[in-house]
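Here's the structure we're looking at; comments come further down.
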Amino acid sequence: MTDLLNIGVSGLLAYQRSLATVSHNITNVNTDGYSRQTVNTATRPPQFTGAGFEGAGVQVTSIQRSYDKFLTEQLSESLTAFRQQEKLALLSSELDNFLADPEVGLSPVLQNFFKSVQDMSTDPSSAPARQVMISEANTLATVFNDSYSRLDKINGSLNTDIGVIVDQVNNLSGSIANINKQIVSTRGSDNSFPANDLLDQRQVLIDKLSELVAVKTQEQDDGSVNVFIGKGQSLVVGTKAINLSVTSNEFDATRIEVGVRSGSTVSNISSQLSGGELGAIFDFRDGLLKDSFNSIGQVALALSEDFNAQHQLGLDLNGQLGGNFFNDITTSLSAGSSFNNVATNTVYQTTVTDSNLLRASDYRMSYDGTDYTLTRLEDNAVVAGPSSLVALSAAVSASEGFTISLSSGATVNASDSFLFTPTKSAARDIAVAISNVNDVAAASPLKFSRNATNGGSALFGNDVLTTVNAGATLPAVPLTFTFDSTLNVFNITNNAPVNTIAYNPATDSGNTLQLSVAGLGTYSFTVTGTPSNGDSFVLDSNVGGVGDNKNALALIGLQTQKRVGNGSANYQDSFAQLVTKVGVKTSQAEFGRDASEVLYHRSVESQQTVSGVNLDEEAANLLKFQQAYQASARIITTADELFQTLLSAVSR
């Protein structure tokens, strides 16, 4: 009777545990990250009798969590990819909407500015037309300034996001380490009793972590897991969490990086992090955002330098040579000294020598104690060095369009490095340099006049000042051009020869000729037709020529000239290339987001097929275990009836 009772009791206990587990599954059907649990049973050790081994009932061997390591890791990876593409699409879309705005974007404002120059050229003496030109120039400068400000705000919001994500990562890593500790302490000495609910809670934390950054895990013999992020950076080791921190970029204090503290030293690990929202932020910031800063600045530099150079070749209404129309932004002090340098107060000055050669790129210069080397970060190409600073600067000027000079500070030390951003801040700094309408230099500073007694058909035209000397003034003495087999240039006052220019009507008609005008610069012109010997023309100051628009026409011509990117694009085309690049990247990110979302949901379905709770299945199990429990109870009842029958027989 005792054996029969024990067998019945073992069944009651086993199916009671099974019913409790099924109930646990049902009540957690909507619990995030919960994995279905199953009670595993086995026969109890049999007892030997004279007739052989007799069964002793059932026992619970374990409560197993439905878990597939491959599917779980696949789910984590797909979640990381989805969150990365989702964040990248959001950031790229924000930038794309801003740059491509057809009403307040840079492209329409550039168009309006050059239209105002064209309108002014049709009536160069008109004060209202000149005022409109200055107003449109101020609007253009403001749009450049606002563009930089918008980009800078985006950069600031990314810094905030990085700080928030670092705090989230630290909270999650601390929680994972704490659960590791609980799991280790609750497992049996032989690790045969896994803490299923704790394992689920830990996996939920790991999944949340994978939304922020790529995660890899490695399970240890004691049940804990080591967690690595990005490209292998340790985050959780057993029961210890490694806290991340935010730190400034080595060269730029406005850029926040992720670091790991070791004593008093913080090591930058941003380059080791990838995937998730954090990876998307770094990809966007070091890609599209940096390109936007540099490309818009490149256009601002090219426009201001070209417009200033041409404006200085004209004559204003005051009878003076033109000055800078925009402020000079070709010179800047670089603040890109690495905080790892021996002396951090060493300052270099960069000066743009040819905006046409400028690349929309940052540059890193290193010093080995003897020579300097400059690397263009856009393509990691060494563009100059190793050489002395003077030789390096000359080479950079010839290939990249700017020079580098030591401005002030301590002596440079071996292993020092510096970051140069020659175009980044140009959009922030550009402004209009003039406010008086009389200062607009629309006219040519000199003019040709034809002697009324000339007998030939020769005409002078296309005459413009092409280069101007520093501190140039208008010539006080007119020049006379007289034909006598050659074109002879004389001082009109004393008839002293100044120059002789070869001119053959058969071969030189319409060709551009040049003359160096003392104290002024280089003047270019064309001669067409056939002169008669003795024909003459006078080149004199154009003071009072308020209706002249030759320099205004030259200013208009800048709009279509390919003066950006080593002659590859004009101003609007260069900006359009940036807009197109951002648009393409945005479309790619949005496509990647949609595709990765589909893969993520498929991973969820695959994982839930193994680990998810099926209510229909659990309902069937509930009925099955209830019947088994009732049957076990019936065994006990039967044993009692047999025992009572036996007692009744003996008592008689």
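By order of appearance in the structure tokens: chains A, B, ..., then residues from 1 within every chain, and ligands from 1 in the order shown.
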
Skipping near chain neighbours, those fewer than 3 positions away, what residues fall within 12 Å of Arg150 of chain A using only C-alpha atoms, listed as a VMD selection string? chain A and resid 94 to 95 97 to 99 105 142 to 147 153 to 157 289 292 to 293 296 427 to 428

Would you list the contacts of Arg65 of chain A as a list in words, taking every protein, DNA or RNA residue within 7 Å and counting only C-alpha atoms, but skipping same-chain residues closer than 2 positions in sequence?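 Here the qualifying residues turn out to be Ser35, Arg36, Gln37, Thr38, Ile63, Tyr67 and Asn196 of chain A.
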
Store the residues picked out above in a file with C-alpha atoms, as a tab-separated table (two decimals), in the first residue's frame.
chain	number	residue	atom	x	y	z
A	35	SER	CA	10.32	32.46	-22.86
A	36	ARG	CA	7.92	29.55	-22.58
A	37	GLN	CA	8.84	27.06	-19.85
A	38	THR	CA	8.35	23.31	-19.84
A	63	ILE	CA	11.98	23.27	-15.66
A	67	TYR	CA	15.50	29.12	-25.94
A	196	ASN	CA	14.74	30.93	-16.18

Counting only C-alpha atoms, the option among A:Tyr363, A:Asn436, A:Val227, A:Gln74 closest to Leu599 of chain A: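 Between A:Tyr363, A:Asn436, A:Val227, A:Gln74, the residue approaching Leu599 of chain A most closely is A:Gln74.
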
Neighbour list for Ile183 of chain A as a CSV table (one decimal) with C-alpha atoms, in the first residue's frame, cut-off 8 Å, only C-alpha atoms, skip fewer than 5 positions in-chain:
chain,number,residue,atom,x,y,z
A,194,PRO,CA,18.9,27.7,-14.3
A,195,ALA,CA,17.0,30.7,-13.2
A,198,LEU,CA,16.3,35.9,-14.5
A,199,LEU,CA,17.7,34.7,-17.8
A,223,GLY,CA,25.8,31.1,-16.0
A,224,SER,CA,26.9,34.8,-16.3

Using only C-alpha atoms, which protein or nucleic acid residues come within 7 Å of Asn469 of chain A? Drop anything in the same chain fewer than 5 positions from it, and give the result as a ChimeraX atom specification. /A:519-521

From a DSSP calculation on the backbone, collect every residue of segment 413-585 of chain A in helix (DSSP H, G or I) and output the set as JSON, numbers by chain. {"A": [426, 427, 428, 429, 437, 438, 439, 505, 506, 507, 508, 550, 551, 552, 553, 554, 555, 556, 557, 571, 572, 573, 574, 575, 576, 577, 578, 579, 580, 581, 582, 583, 584, 585]}

Dump C-alpha atoms for the selected residues as an mmCIF file, in the first residue's frame?
data_model
loop_
_atom_site.group_PDB
_atom_site.id
_atom_site.type_symbol
_atom_site.label_atom_id
_atom_site.label_comp_id
_atom_site.auth_asym_id
_atom_site.auth_seq_id
_atom_site.Cartn_x
_atom_site.Cartn_y
_atom_site.Cartn_z
ATOM 1 C CA ALA A 426 33.475 80.009 -43.789
ATOM 2 C CA ALA A 427 29.663 79.974 -43.945
ATOM 3 C CA ARG A 428 29.561 81.200 -40.359
ATOM 4 C CA ASP A 429 31.954 84.099 -41.015
ATOM 5 C CA VAL A 437 25.447 102.069 -52.750
ATOM 6 C CA ASN A 438 28.208 104.298 -54.148
ATOM 7 C CA ASP A 439 30.804 101.664 -53.171
ATOM 8 C CA PRO A 505 44.941 92.265 -88.455
ATOM 9 C CA ALA A 506 45.097 88.996 -90.364
ATOM 10 C CA THR A 507 46.008 86.873 -87.345
ATOM 11 C CA ASP A 508 45.425 88.918 -84.195
ATOM 12 C CA LYS A 550 31.638 96.281 -67.776
ATOM 13 C CA ASN A 551 32.688 95.162 -64.312
ATOM 14 C CA ALA A 552 29.076 94.395 -63.375
ATOM 15 C CA LEU A 553 28.876 92.091 -66.389
ATOM 16 C CA ALA A 554 32.080 90.398 -65.236
ATOM 17 C CA LEU A 555 30.529 89.938 -61.782
ATOM 18 C CA ILE A 556 27.469 88.327 -63.379
ATOM 19 C CA GLY A 557 29.729 85.996 -65.336
ATOM 20 C CA TYR A 571 28.581 77.752 -56.996
ATOM 21 C CA GLN A 572 25.041 76.482 -57.486
ATOM 22 C CA ASP A 573 26.164 73.201 -59.026
ATOM 23 C CA SER A 574 28.499 72.598 -56.091
ATOM 24 C CA PHE A 575 25.685 73.139 -53.604
ATOM 25 C CA ALA A 576 23.357 71.032 -55.765
ATOM 26 C CA GLN A 577 25.890 68.199 -55.598
ATOM 27 C CA LEU A 578 25.730 68.348 -51.798
ATOM 28 C CA VAL A 579 21.920 68.348 -51.871
ATOM 29 C CA THR A 580 21.944 65.385 -54.246
ATOM 30 C CA LYS A 581 24.436 63.508 -52.087
ATOM 31 C CA VAL A 582 22.359 64.077 -48.962
ATOM 32 C CA GLY A 583 19.183 63.118 -50.845
ATOM 33 C CA VAL A 584 20.722 59.875 -52.099
ATOM 34 C CA LYS A 585 22.051 58.988 -48.651
#

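The space between atom CA of Thr467 of chain A and atom CA of Gly323 of chain A spans 13.4 Å.
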
If you count only C-alpha atoms, which residues fall within 12 Å of Asp594 of chain A, apart from same-chain ones fewer than 6 positions away, as JSON, numbers by chain? {"A": [81, 82, 83, 84, 85, 86, 87, 88, 89, 587, 588, 600, 601]}
